[in-house]
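Novice: Input structure: final_2.tsv, which contains TSV, C-alpha atoms.
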chain	number	residue	atom	x	y	z
A	7	MET	CA	18.75	-1.45	22.48
A	8	PHE	CA	17.28	2.05	22.75
A	9	LEU	CA	19.14	4.97	21.26
A	10	GLY	CA	17.95	8.30	19.96
A	11	THR	CA	14.81	10.18	20.93
A	12	SER	CA	11.69	11.43	19.22
A	13	SER	CA	13.64	14.68	18.71
A	14	GLY	CA	16.36	13.01	16.66
A	15	PRO	CA	19.61	11.04	16.99
A	16	LEU	CA	22.03	11.39	19.89
A	17	THR	CA	25.48	12.68	19.00
A	18	GLY	CA	27.44	12.70	22.23
A	19	PHE	CA	27.51	12.48	26.02
A	20	ALA	CA	29.71	12.66	29.10
A	21	ALA	CA	30.07	10.22	32.00
A	22	PHE	CA	30.88	11.51	35.49
A	23	GLY	CA	31.44	9.78	38.78
A	24	ASP	CA	33.23	7.00	40.61
A	25	SER	CA	34.57	3.48	40.06
A	26	TYR	CA	31.07	2.05	39.58
A	27	SER	CA	30.89	4.21	36.47
A	28	VAL	CA	34.51	3.56	35.47
A	29	GLY	CA	34.04	-0.20	35.00
A	30	ILE	CA	37.18	-1.11	36.91
A	31	GLY	CA	38.40	-4.62	36.07
A	32	THR	CA	36.35	-5.07	32.90
A	33	GLY	CA	39.29	-4.97	30.49
A	34	VAL	CA	41.63	-2.45	28.93
A	35	ASP	CA	43.10	-1.90	25.49
A	36	GLY	CA	46.79	-1.58	26.25
A	37	LYS	CA	47.86	0.01	29.52
A	38	GLU	CA	45.35	0.80	32.24
A	39	ASP	CA	44.96	4.54	32.91
A	40	ASP	CA	45.11	6.15	36.34
A	41	CYS	CA	41.31	6.27	36.64
A	42	ARG	CA	41.05	2.49	35.91
A	43	HIS	CA	38.61	2.91	32.99
A	44	GLY	CA	37.34	-0.47	31.77
A	45	LEU	CA	36.12	-1.40	28.30
A	46	GLY	CA	33.11	-3.19	29.79
A	47	ALA	CA	31.79	-0.16	31.70
A	48	HIS	CA	28.13	0.60	30.98
A	49	ALA	CA	29.15	4.05	29.74
A	50	GLU	CA	31.54	2.45	27.23
A	51	LEU	CA	28.80	0.03	26.13
A	52	ILE	CA	26.39	2.90	25.54
A	53	ALA	CA	29.05	4.80	23.61
A	54	ALA	CA	29.66	1.73	21.42
A	55	ASP	CA	25.93	1.36	20.78
A	56	LEU	CA	25.68	5.02	19.82
A	57	ARG	CA	28.58	4.74	17.40
A	58	ALA	CA	27.10	1.64	15.81
A	59	SER	CA	23.69	3.28	15.40
A	60	GLN	CA	24.98	6.63	14.17
A	61	GLY	CA	27.42	5.48	11.53
A	62	GLY	CA	30.83	4.77	12.97
A	63	ARG	CA	33.60	5.63	15.38
A	64	ASN	CA	33.64	9.39	14.80
A	65	SER	CA	29.88	9.82	14.90
A	66	THR	CA	29.60	10.09	18.69
A	67	ALA	CA	31.53	12.33	21.09
A	68	PHE	CA	32.12	10.49	24.36
A	69	GLN	CA	33.83	12.17	27.32
A	70	PHE	CA	34.67	9.51	29.92
A	71	LEU	CA	35.42	11.73	32.92
A	72	SER	CA	34.58	9.29	35.73
A	73	CYS	CA	37.47	8.25	37.93
A	74	THR	CA	38.09	5.58	40.53
A	75	GLY	CA	38.01	6.98	44.06
A	76	ALA	CA	35.98	10.05	43.11
A	77	THR	CA	33.64	11.71	45.58
A	78	THR	CA	31.26	14.56	44.87
A	79	GLN	CA	34.16	16.89	45.69
A	80	GLN	CA	36.17	15.58	42.71
A	81	VAL	CA	33.18	16.00	40.41
A	82	LEU	CA	32.40	19.58	41.49
A	83	SER	CA	34.08	22.49	39.75
A	84	GLY	CA	36.99	24.35	41.29
A	85	GLY	CA	39.27	21.48	42.32
A	86	GLY	CA	42.48	20.46	40.63
A	87	ASP	CA	40.95	17.20	39.41
A	88	SER	CA	37.42	18.49	38.82
A	89	GLN	CA	35.46	16.38	36.37
A	90	ILE	CA	33.06	19.22	35.60
A	91	ASP	CA	35.94	21.57	34.82
A	92	ALA	CA	37.28	18.90	32.44
A	93	PHE	CA	33.91	18.63	30.69
A	94	ASN	CA	34.18	20.17	27.21
A	95	ALA	CA	30.79	21.81	26.71
A	96	SER	CA	31.71	22.72	23.14
A	97	ALA	CA	31.65	19.05	22.12
A	98	PRO	CA	28.26	17.46	21.34
A	99	ALA	CA	26.54	16.37	24.56
A	100	ASP	CA	22.92	15.28	24.54
A	101	PHE	CA	22.97	13.72	28.00
A	102	ALA	CA	25.21	12.87	30.95
A	103	LEU	CA	25.65	9.76	33.06
A	104	LEU	CA	26.48	10.06	36.76
A	105	SER	CA	27.35	7.47	39.42
A	106	ILE	CA	28.43	8.94	42.76
A	107	GLY	CA	27.95	8.46	46.48
A	108	GLY	CA	29.73	5.27	47.53
A	109	ASN	CA	33.00	7.01	48.38
A	110	ASP	CA	31.25	9.95	50.05
A	111	LEU	CA	29.29	7.61	52.29
A	112	GLY	CA	31.99	5.20	53.41
A	113	PHE	CA	31.55	2.05	51.31
A	114	PHE	CA	35.25	1.11	51.42
A	115	ASP	CA	35.53	1.54	55.18
A	116	VAL	CA	32.60	-0.84	55.64
A	117	MET	CA	34.09	-3.38	53.20
A	118	ASN	CA	37.44	-3.21	54.97
A	119	ALA	CA	36.20	-3.46	58.54
A	120	CYS	CA	33.35	-5.92	57.96
A	121	VAL	CA	34.44	-8.16	55.09
A	122	PHE	CA	38.11	-8.10	54.05
A	123	ARG	CA	40.07	-6.76	57.01
A	124	PHE	CA	42.94	-5.64	54.78
A	125	TYR	CA	44.55	-4.01	57.83
A	126	ASN	CA	43.88	-7.12	59.90
A	127	PHE	CA	42.50	-6.27	63.37
A	128	TYR	CA	43.79	-2.70	63.01
A	129	SER	CA	40.94	-2.17	60.51
A	130	GLY	CA	38.61	-1.19	63.34
A	131	THR	CA	35.30	-2.78	64.20
A	132	CYS	CA	32.56	-3.50	61.74
A	133	GLU	CA	30.07	-1.87	64.09
A	134	ALA	CA	32.03	1.40	64.08
A	135	ALA	CA	32.32	1.42	60.28
A	136	LEU	CA	28.59	0.80	59.84
A	137	ALA	CA	27.76	3.49	62.40
A	138	SER	CA	30.01	6.00	60.62
A	139	ALA	CA	28.42	5.20	57.25
A	140	LYS	CA	24.96	5.53	58.81
A	141	ALA	CA	25.82	8.96	60.22
A	142	GLN	CA	27.10	10.16	56.85
A	143	ILE	CA	24.04	8.81	55.06
A	144	GLU	CA	21.69	10.50	57.54
A	145	SER	CA	23.40	13.88	57.30
A	146	ASP	CA	22.41	16.46	54.68
A	147	ASP	CA	25.95	17.02	53.40
A	148	PHE	CA	25.83	14.51	50.55
A	149	ASP	CA	22.37	15.66	49.47
A	150	ARG	CA	23.57	19.23	49.15
A	151	ARG	CA	26.71	18.29	47.22
A	152	LEU	CA	24.76	16.04	44.85
A	153	GLN	CA	22.31	18.87	44.15
A	154	VAL	CA	25.22	21.18	43.32
A	155	VAL	CA	26.81	18.51	41.10
A	156	ALA	CA	23.58	18.19	39.10
A	157	ALA	CA	23.21	21.97	38.82
A	158	GLU	CA	26.81	22.44	37.68
A	159	ILE	CA	26.55	19.73	35.01
A	160	LEU	CA	23.30	21.23	33.69
A	161	ASP	CA	24.77	24.74	33.66
A	162	LYS	CA	28.01	23.63	31.98
A	163	ALA	CA	25.97	21.82	29.31
A	164	ARG	CA	23.87	24.99	28.82
A	165	TRP	CA	20.63	23.11	29.35
A	166	GLU	CA	18.50	26.17	28.49
A	167	LYS	CA	19.69	25.81	24.89
A	168	LYS	CA	19.40	22.02	24.97
A	169	PRO	CA	15.89	21.23	26.18
A	170	ARG	CA	16.38	17.46	25.80
A	171	PHE	CA	19.65	17.37	27.82
A	172	ARG	CA	19.24	15.24	30.95
A	173	ILE	CA	21.42	13.59	33.56
A	174	THR	CA	20.92	9.88	34.20
A	175	VAL	CA	21.98	9.03	37.75
A	176	THR	CA	22.53	5.39	38.67
A	177	GLY	CA	22.38	3.91	42.15
A	178	TYR	CA	24.04	0.77	43.51
A	179	ALA	CA	23.12	-2.91	43.85
A	180	ARG	CA	22.89	-4.91	47.05
A	181	PHE	CA	25.88	-7.21	47.37
A	182	PHE	CA	24.41	-10.24	49.09
A	183	ASN	CA	21.62	-12.75	49.20
A	184	ASP	CA	20.70	-12.15	52.83
A	185	ALA	CA	17.93	-14.75	53.07
A	186	THR	CA	20.13	-17.84	53.36
A	187	ASP	CA	21.95	-19.12	56.45
A	188	ALA	CA	24.28	-21.29	54.36
A	189	CYS	CA	26.83	-18.48	53.95
A	190	ASP	CA	27.24	-17.85	57.68
A	191	ASP	CA	30.51	-19.77	58.01
A	192	MET	CA	32.08	-18.47	54.80
A	193	SER	CA	34.55	-15.59	54.59
A	194	PHE	CA	36.11	-13.15	52.11
A	195	GLY	CA	38.77	-12.09	54.62
A	196	VAL	CA	42.24	-11.71	53.08
A	197	TRP	CA	44.04	-12.99	56.18
A	198	TRP	CA	43.63	-16.35	57.84
A	199	ASN	CA	40.61	-16.63	60.17
A	200	GLY	CA	38.87	-13.59	58.68
A	201	PRO	CA	35.35	-12.36	59.50
A	202	LYS	CA	32.40	-14.53	58.55
A	203	LEU	CA	29.60	-13.52	56.19
A	204	LYS	CA	26.93	-13.82	58.86
A	205	LYS	CA	23.33	-13.23	57.86
A	206	ASP	CA	23.05	-10.22	60.16
A	207	LEU	CA	26.07	-8.57	58.49
A	208	ARG	CA	24.71	-9.25	55.01
A	209	MET	CA	21.36	-7.75	55.97
A	210	LYS	CA	23.01	-4.61	57.39
A	211	MET	CA	25.19	-4.08	54.32
A	212	ASN	CA	22.23	-4.58	51.99
A	213	ALA	CA	20.20	-2.14	54.06
A	214	MET	CA	23.01	0.40	53.68
A	215	VAL	CA	22.81	0.12	49.88
A	216	ARG	CA	19.02	0.45	49.91
A	217	THR	CA	19.27	3.56	52.07
A	218	VAL	CA	21.87	5.12	49.77
A	219	ASN	CA	19.65	4.47	46.74
A	220	ALA	CA	16.67	6.03	48.51
A	221	LYS	CA	18.80	9.06	49.39
A	222	ILE	CA	19.93	9.52	45.79
A	223	ARG	CA	16.36	9.12	44.52
A	224	LYS	CA	15.06	11.72	46.97
A	225	THR	CA	17.78	14.19	45.97
A	226	VAL	CA	16.99	13.67	42.28
A	227	GLU	CA	13.33	14.42	42.99
A	228	LEU	CA	14.34	17.60	44.81
A	229	VAL	CA	16.45	18.76	41.86
A	230	ASN	CA	13.59	18.06	39.44
A	231	SER	CA	11.15	20.04	41.58
A	232	ARG	CA	12.95	23.20	40.42
A	233	PHE	CA	12.24	22.56	36.74
A	234	VAL	CA	9.05	22.42	34.68
A	235	LYS	CA	10.22	19.13	33.15
A	236	ASP	CA	12.49	16.61	34.85
A	237	LYS	CA	16.16	17.18	34.07
A	238	VAL	CA	17.55	14.27	36.10
A	239	ILE	CA	16.57	10.59	35.90
A	240	PHE	CA	17.31	8.10	38.67
A	241	VAL	CA	17.94	4.52	37.54
A	242	ASP	CA	17.74	1.88	40.27
A	243	TYR	CA	19.19	-1.32	38.79
A	244	ASP	CA	19.31	-3.25	42.06
A	245	GLU	CA	16.58	-5.75	41.14
A	246	GLU	CA	18.46	-6.67	37.96
A	247	PHE	CA	21.13	-8.26	40.19
A	248	GLU	CA	18.64	-10.64	41.81
A	249	GLY	CA	20.17	-14.12	41.71
A	250	HIS	CA	23.58	-12.68	40.83
A	251	ARG	CA	24.79	-11.53	44.24
A	252	PHE	CA	27.25	-13.09	46.66
A	253	CYS	CA	25.98	-15.94	48.86
A	254	GLU	CA	23.31	-17.18	46.48
A	255	GLU	CA	21.73	-20.54	47.34
A	256	GLY	CA	24.06	-23.46	46.69
A	257	VAL	CA	27.15	-21.28	46.21
A	258	GLN	CA	30.24	-21.95	48.31
A	259	GLU	CA	31.91	-18.56	48.75
A	260	PRO	CA	34.33	-17.39	47.60
A	261	ASP	CA	33.41	-18.97	44.26
A	262	TYR	CA	35.88	-17.67	41.66
A	263	GLY	CA	34.42	-19.82	38.92
A	264	ARG	CA	30.80	-18.64	39.11
A	265	ALA	CA	30.16	-16.42	36.10
A	266	ASP	CA	26.63	-15.67	37.31
A	267	THR	CA	27.93	-13.63	40.23
A	268	TRP	CA	27.92	-10.08	38.88
A	269	PHE	CA	30.39	-8.62	41.38
A	270	PHE	CA	34.16	-9.06	41.36
A	271	LEU	CA	36.02	-10.94	44.07
A	272	VAL	CA	39.57	-9.94	45.04
A	273	GLY	CA	41.71	-11.03	42.09
A	274	GLY	CA	38.75	-12.71	40.44
A	275	PRO	CA	38.26	-12.95	36.66
A	276	ASP	CA	35.72	-10.98	34.68
A	277	ASN	CA	32.66	-12.77	33.31
A	278	ALA	CA	32.43	-11.21	29.84
A	279	ARG	CA	30.83	-13.62	27.39
A	280	ASN	CA	32.28	-12.18	24.21
A	281	GLY	CA	35.31	-14.42	23.86
A	282	THR	CA	37.42	-12.44	26.30
A	283	ARG	CA	39.95	-14.69	28.02
A	284	PRO	CA	39.52	-14.65	31.80
A	285	GLU	CA	42.40	-13.21	33.77
A	286	HIS	CA	44.42	-15.53	35.98
A	287	VAL	CA	47.00	-14.79	38.65
A	288	ALA	CA	49.91	-15.47	36.30
A	289	ASP	CA	48.60	-12.92	33.81
A	290	LEU	CA	48.50	-10.01	36.23
A	291	GLU	CA	51.20	-7.46	36.76
A	292	ILE	CA	53.05	-7.72	40.04
A	293	LEU	CA	54.31	-4.59	41.78
A	294	ASP	CA	57.95	-4.14	42.63
A	295	PRO	CA	58.24	-4.86	46.38
A	296	THR	CA	59.90	-1.43	46.72
A	297	SER	CA	56.89	0.34	45.16
A	298	PRO	CA	55.69	3.34	47.19
A	299	LEU	CA	52.20	1.80	47.00
A	300	VAL	CA	53.32	-0.85	49.52
A	301	ASP	CA	55.72	1.20	51.64
A	302	PRO	CA	54.13	0.88	55.10
A	303	SER	CA	55.79	4.08	56.30
A	304	SER	CA	54.39	6.39	53.63
A	305	CYS	CA	51.65	4.77	51.53
A	306	LEU	CA	48.60	5.75	53.57
A	307	ASP	CA	48.29	9.49	52.92
A	308	PRO	CA	48.43	9.22	49.10
A	309	ALA	CA	46.09	6.23	49.17
A	310	ARG	CA	43.56	8.16	51.23
A	311	ARG	CA	43.85	11.21	48.98
A	312	SER	CA	43.21	9.07	45.91
A	313	GLY	CA	40.23	7.24	47.40
A	314	ASP	CA	41.30	4.29	45.21
A	315	TRP	CA	40.11	1.09	46.90
A	316	GLY	CA	43.02	-0.88	45.46
A	317	MET	CA	45.65	1.54	46.70
A	318	LEU	CA	44.03	1.58	50.13
A	319	ALA	CA	43.85	-2.24	50.25
A	320	LEU	CA	47.50	-2.62	49.24
A	321	CYS	CA	48.68	-0.07	51.77
A	322	TYR	CA	46.66	-1.57	54.62
A	323	MET	CA	47.97	-5.04	53.79
A	324	ALA	CA	51.55	-3.76	53.70
A	325	MET	CA	51.07	-2.02	57.06
A	326	ALA	CA	49.49	-5.13	58.57
A	327	LYS	CA	52.30	-7.38	57.34
A	328	HIS	CA	54.90	-4.88	58.60
A	329	LYS	CA	53.35	-4.88	62.07
A	330	ASP	CA	52.94	-8.65	62.14
A	331	PRO	CA	55.28	-10.51	59.72
A	332	SER	CA	53.75	-13.84	60.78
A	333	LEU	CA	50.39	-13.01	59.18
A	334	GLN	CA	49.15	-15.73	56.83
A	335	LEU	CA	46.99	-15.12	53.79
A	336	ALA	CA	43.61	-16.80	53.91
A	337	ARG	CA	43.91	-18.56	50.56
A	338	GLY	CA	46.47	-19.21	47.89
A	339	ASP	CA	43.94	-18.95	45.07
A	340	PHE	CA	43.80	-15.17	44.90
A	341	VAL	CA	47.48	-14.38	45.33
A	342	ALA	CA	50.59	-16.25	44.29
A	343	GLU	CA	52.61	-17.66	47.15
A	344	ASN	CA	55.66	-15.56	46.26
A	345	SER	CA	53.84	-12.23	46.18
A	346	MET	CA	50.70	-10.47	47.28
A	347	TRP	CA	51.62	-7.12	45.76
A	348	TYR	CA	49.53	-7.02	42.62
A	349	VAL	CA	48.54	-3.81	40.86
A	350	PRO	CA	45.76	-1.86	42.65
A	351	THR	CA	42.97	-3.00	40.30
A	352	TYR	CA	43.51	-6.59	41.49
A	353	TYR	CA	42.13	-5.54	44.86
A	354	GLY	CA	40.19	-2.38	43.99
A	355	LYS	CA	37.72	-4.07	41.63
A	356	THR	CA	36.27	-6.19	44.42
A	357	PHE	CA	32.52	-5.67	45.03
A	358	HIS	CA	32.29	-3.73	41.73
A	359	PRO	CA	30.13	-4.92	38.82
A	360	ARG	CA	31.67	-7.38	36.37
A	361	SER	CA	30.93	-7.10	32.65
A	362	LEU	CA	27.57	-8.88	32.83
A	363	GLY	CA	26.57	-6.50	35.62
A	364	HIS	CA	27.43	-3.49	33.47
A	365	LYS	CA	25.38	-4.94	30.61
A	366	ALA	CA	22.41	-5.18	32.97
A	367	ILE	CA	22.95	-1.57	34.08
A	368	ARG	CA	23.00	-0.45	30.44
A	369	SER	CA	19.73	-2.31	29.78
A	370	LYS	CA	18.08	-0.69	32.80
A	371	ILE	CA	19.19	2.76	31.59
A	372	TYR	CA	17.69	2.08	28.16
A	373	GLU	CA	14.46	0.96	29.82
A	374	ALA	CA	14.27	4.27	31.73
A	375	TRP	CA	14.90	6.22	28.54
A	376	ARG	CA	12.14	4.38	26.70
A	377	VAL	CA	9.66	5.34	29.41
A	378	LEU	CA	10.86	8.94	29.32
A	379	ASP	CA	10.68	9.25	25.55
Could you render the structure as structure tokens?
Specialist:
Amino acid sequence: MFLGTSSGPLTGFAAFGDSYSVGIGTGVDGKEDDCRHGLGAHAELIAADLRASQGGRNSTAFQFLSCTGATTQQVLSGGGDSQIDAFNASAPADFALLSIGGNDLGFFDVMNACVFRFYNFYSGTCEAALASAKAQIESDDFDRRLQVVAAEILDKARWEKKPRFRITVTGYARFFNDATDACDDMSFGVWWNGPKLKKDLRMKMNAMVRTVNAKIRKTVELVNSRFVKDKVIFVDYDEEFEGHRFCEEGVQEPDYGRADTWFFLVGGPDNARNGTRPEHVADLEILDPTSPLVDPSSCLDPARRSGDWGMLALCYMAMAKHKDPSLQLARGDFVAENSMWYVPTYYGKTFHPRSLGHKAIRSKIYEAWRVLD
């Protein structure tokens, strides 16, 4: 554990960003909120460590502003759901955490078209989704927005009066072992006869993640070039997931029982090793079949506006089933036979870090802070 600096103890921080910051699927205390905040998120773990080191629950101010589905637009000031506008700069804030980019750059569209096919063959081609993501990654739009996000957080925190205030930006981890051929005939598709996890696909999706991380790193360096001392730190935790990705040697995917996979599967349990009881299908809340989330005639616009992967998955599945009532689910182990309409987190947490993944992210952040201090 590394907390505090040579300048003194840390008293508070804020977390901004998307579902990779939120910790979707890692547990809730009571009812899940609209942003899908999870107790196992690395931001929550850091907050708990701070409280323990500083003397108790009220010793650390933690503003958990991240929200599932967020893009840079939702972080920037001026919007109705702006995270920066919600940031209380009067509360103690020694640093900020930021995870952003996956929703800006088309991660869900690639997952849908290439891996899950929630909208069956209406999901579009994998090639088109990858090409669209590539075009967005290669454009300068995201770079510019990320620079503005960093500047607005620093300004709101009044960095001139807080010389030690910094933003820690995290990247993403590659999803697959792409060296093995053994996974080529396996599938995560939600409908029968879904797309296979071919080596070429796994390599392309991993390359996409690497390129996104490189883009974020380059933008961070550009922001820092404007200051005498670095104000933004980039933490690349990808290597920490080595051996803990999908399609590892000897693993028959989808393997719902493998705790050493650090990403969620659709409907899969968490892998917390603190006595938390794993979730099973029977424990999860089922939506009313009349829920607007699964109304094929009207669910798509609100799902797209939210950016919530779970809402999008549910809506696409409802639309696919409406168009073709004979569609058969691929497996009975991730949905009960009498329903497939689980709450959005059931689907939205897929390909997000499980609790052990968030613990590794926290450790990598502490490692970066040690070097900095």
Novice: May I have the residues within 9 Å of region 243-250 of chain A as a list in words, using all atoms listed in the file and disregarding those fewer than 6 positions away in the same chain?
Specialist: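 Surrounding residues, per the criterion: Thr176, Gly177, Tyr178, Ala179, Arg180, Phe181, Phe182, Asn183, Arg216, Ala265, Asp266, Thr267, Trp268, Phe269, Gly363, Ala366, Ile367, Lys370 and Ile371 of chain A.
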Novice: Of the residues A:Ser88, A:Asp242, A:Gln79, A:Arg42, which is the one nearest to Val226 (chain A), using only C-alpha atoms?
Specialist: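 For Val226 (chain A), the nearest of the candidates is A:Asp242.
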Novice: Might you pull out every residue within 12 Å of Arg311 (chain A), with all atoms listed in the file counted and same-chain residues fewer than 4 positions away left off, and present them as number ranges by chain?
Specialist: A: 74-77, 79-80, 87, 109, 305-307, 315, 317-318
Novice: Ser105 (chain A): which residues within 9 Å, counting all atoms listed in the file, same-chain residues fewer than 2 positions away excluded, as a PyMOL selection string?
Specialist: chain A and resi 21-27+72+103+107-108+174-178
Novice: Skipping near chain neighbours, those fewer than 6 positions away, what residues fall within 8 Å of region 190-207 of chain A using only C-alpha atoms, listed as JSON, numbers by chain?
Specialist: {"A": [120, 121, 122, 123, 124, 126, 184, 258, 259, 260, 333, 334, 335, 336, 337]}
Novice: Could you write out that same residue set with C-alpha atoms as a short mmCIF file (atom, residue, chain, number, x, y, z; two decimals), keeping the file's coordinate frame?
Specialist:
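Produced file again_3.cif, reproduced below:
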data_model
loop_
_atom_site.label_atom_id
_atom_site.label_comp_id
_atom_site.auth_asym_id
_atom_site.auth_seq_id
_atom_site.Cartn_x
_atom_site.Cartn_y
_atom_site.Cartn_z
CA CYS A 120 33.35 -5.92 57.96
CA VAL A 121 34.44 -8.16 55.09
CA PHE A 122 38.11 -8.10 54.05
CA ARG A 123 40.07 -6.76 57.01
CA PHE A 124 42.94 -5.64 54.78
CA ASN A 126 43.88 -7.12 59.90
CA ASP A 184 20.70 -12.15 52.83
CA GLN A 258 30.24 -21.95 48.31
CA GLU A 259 31.91 -18.56 48.75
CA PRO A 260 34.33 -17.39 47.60
CA LEU A 333 50.39 -13.01 59.18
CA GLN A 334 49.15 -15.73 56.83
CA LEU A 335 46.99 -15.12 53.79
CA ALA A 336 43.61 -16.80 53.91
CA ARG A 337 43.91 -18.56 50.56
#
Novice: Record the distance separating CA of Thr217 (chain A) and CA of Phe70 (chain A), expressed in Å with one decimal.
Specialist: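 Here the two named atoms are 27.6 Å from each other.
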Novice: Rank nothing, just name the residue among A:Ile90, A:Ala54, A:Ala67, A:Leu160 nearest to Arg368 (chain A), using only C-alpha atoms.
Specialist: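 The closest residue to Arg368 (chain A) is A:Ala54.
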Novice: Rank nothing, just name the residue among A:Leu56, A:Val155, A:Gly33, A:His48 nearest to Gly84 (chain A), using all atoms listed in the file.
Specialist: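 Closest candidate: A:Val155.
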Novice: Separation of CA of Leu320 (chain A) and CA of Pro275 (chain A), in Å?
Specialist: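 One can read the CA of Leu320 (chain A) to CA of Pro275 (chain A) distance as 18.7 Å.
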Novice: Could you build a table of the residues in region 24-131 of chain A lying no more than 10 Å from region 235-238 of chain A, giving for each the nearest pair of atoms and their separation in Å rounded to one decimal place, using all atoms listed in the file, ordered by chain and ascending residue number, as JSON lines?
Specialist:
{"residue": "A:Phe101", "atom": "CA", "partner": "A:Lys237", "partner_atom": "CA", "distance": 9.8}
{"residue": "A:Ala102", "atom": "CA", "partner": "A:Val238", "partner_atom": "CA", "distance": 9.3}
{"residue": "A:Leu103", "atom": "CA", "partner": "A:Val238", "partner_atom": "CA", "distance": 9.8}
{"residue": "A:Leu104", "atom": "CA", "partner": "A:Val238", "partner_atom": "CA", "distance": 9.9}
Novice: Find the distance between CA of Pro169 (chain A) and CA of Trp375 (chain A) and write it in Å to one decimal.
Specialist: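 These two atoms are separated by 15.2 Å.
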Novice: Pick out the closest residue to Ile239 (chain A) from this set: A:Lys355, A:His328, A:Lys167, A:Arg376. Count only C-alpha atoms.
Specialist: A:Arg376
Novice: Leaving out Glu158 (chain A) and any residue of its chain fewer than 6 positions from it, which residues lie within 10 Å of it when counting all atoms listed in the file, given as a JSON list (two decimals) with C-alpha atoms, keeping the file's coordinate frame?
Specialist:
[["chain", "number", "residue", "atom", "x", "y", "z"],
["A", 81, "VAL", "CA", 33.18, 16.00, 40.41],
["A", 82, "LEU", "CA", 32.40, 19.58, 41.49],
["A", 83, "SER", "CA", 34.08, 22.49, 39.75],
["A", 90, "ILE", "CA", 33.06, 19.22, 35.60],
["A", 91, "ASP", "CA", 35.94, 21.57, 34.82],
["A", 152, "LEU", "CA", 24.76, 16.04, 44.85],
["A", 164, "ARG", "CA", 23.87, 24.99, 28.82]]
Novice: Using only C-alpha atoms, which residue out of A:Val116, A:Cys253, A:Met325, A:Pro350 lies closest to Cys41 (chain A)?
Specialist: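 The shortest atom-to-atom distance to Cys41 (chain A) comes from A:Pro350.
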Novice: Using all atoms listed in the file, can you tell me which of A:Gln153, A:Ser96, A:Ser361, A:Thr78 comes closest to Ser231 (chain A)?
Specialist: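 Looking only at the distances to Ser231 (chain A), the closest residue turns out to be A:Gln153.
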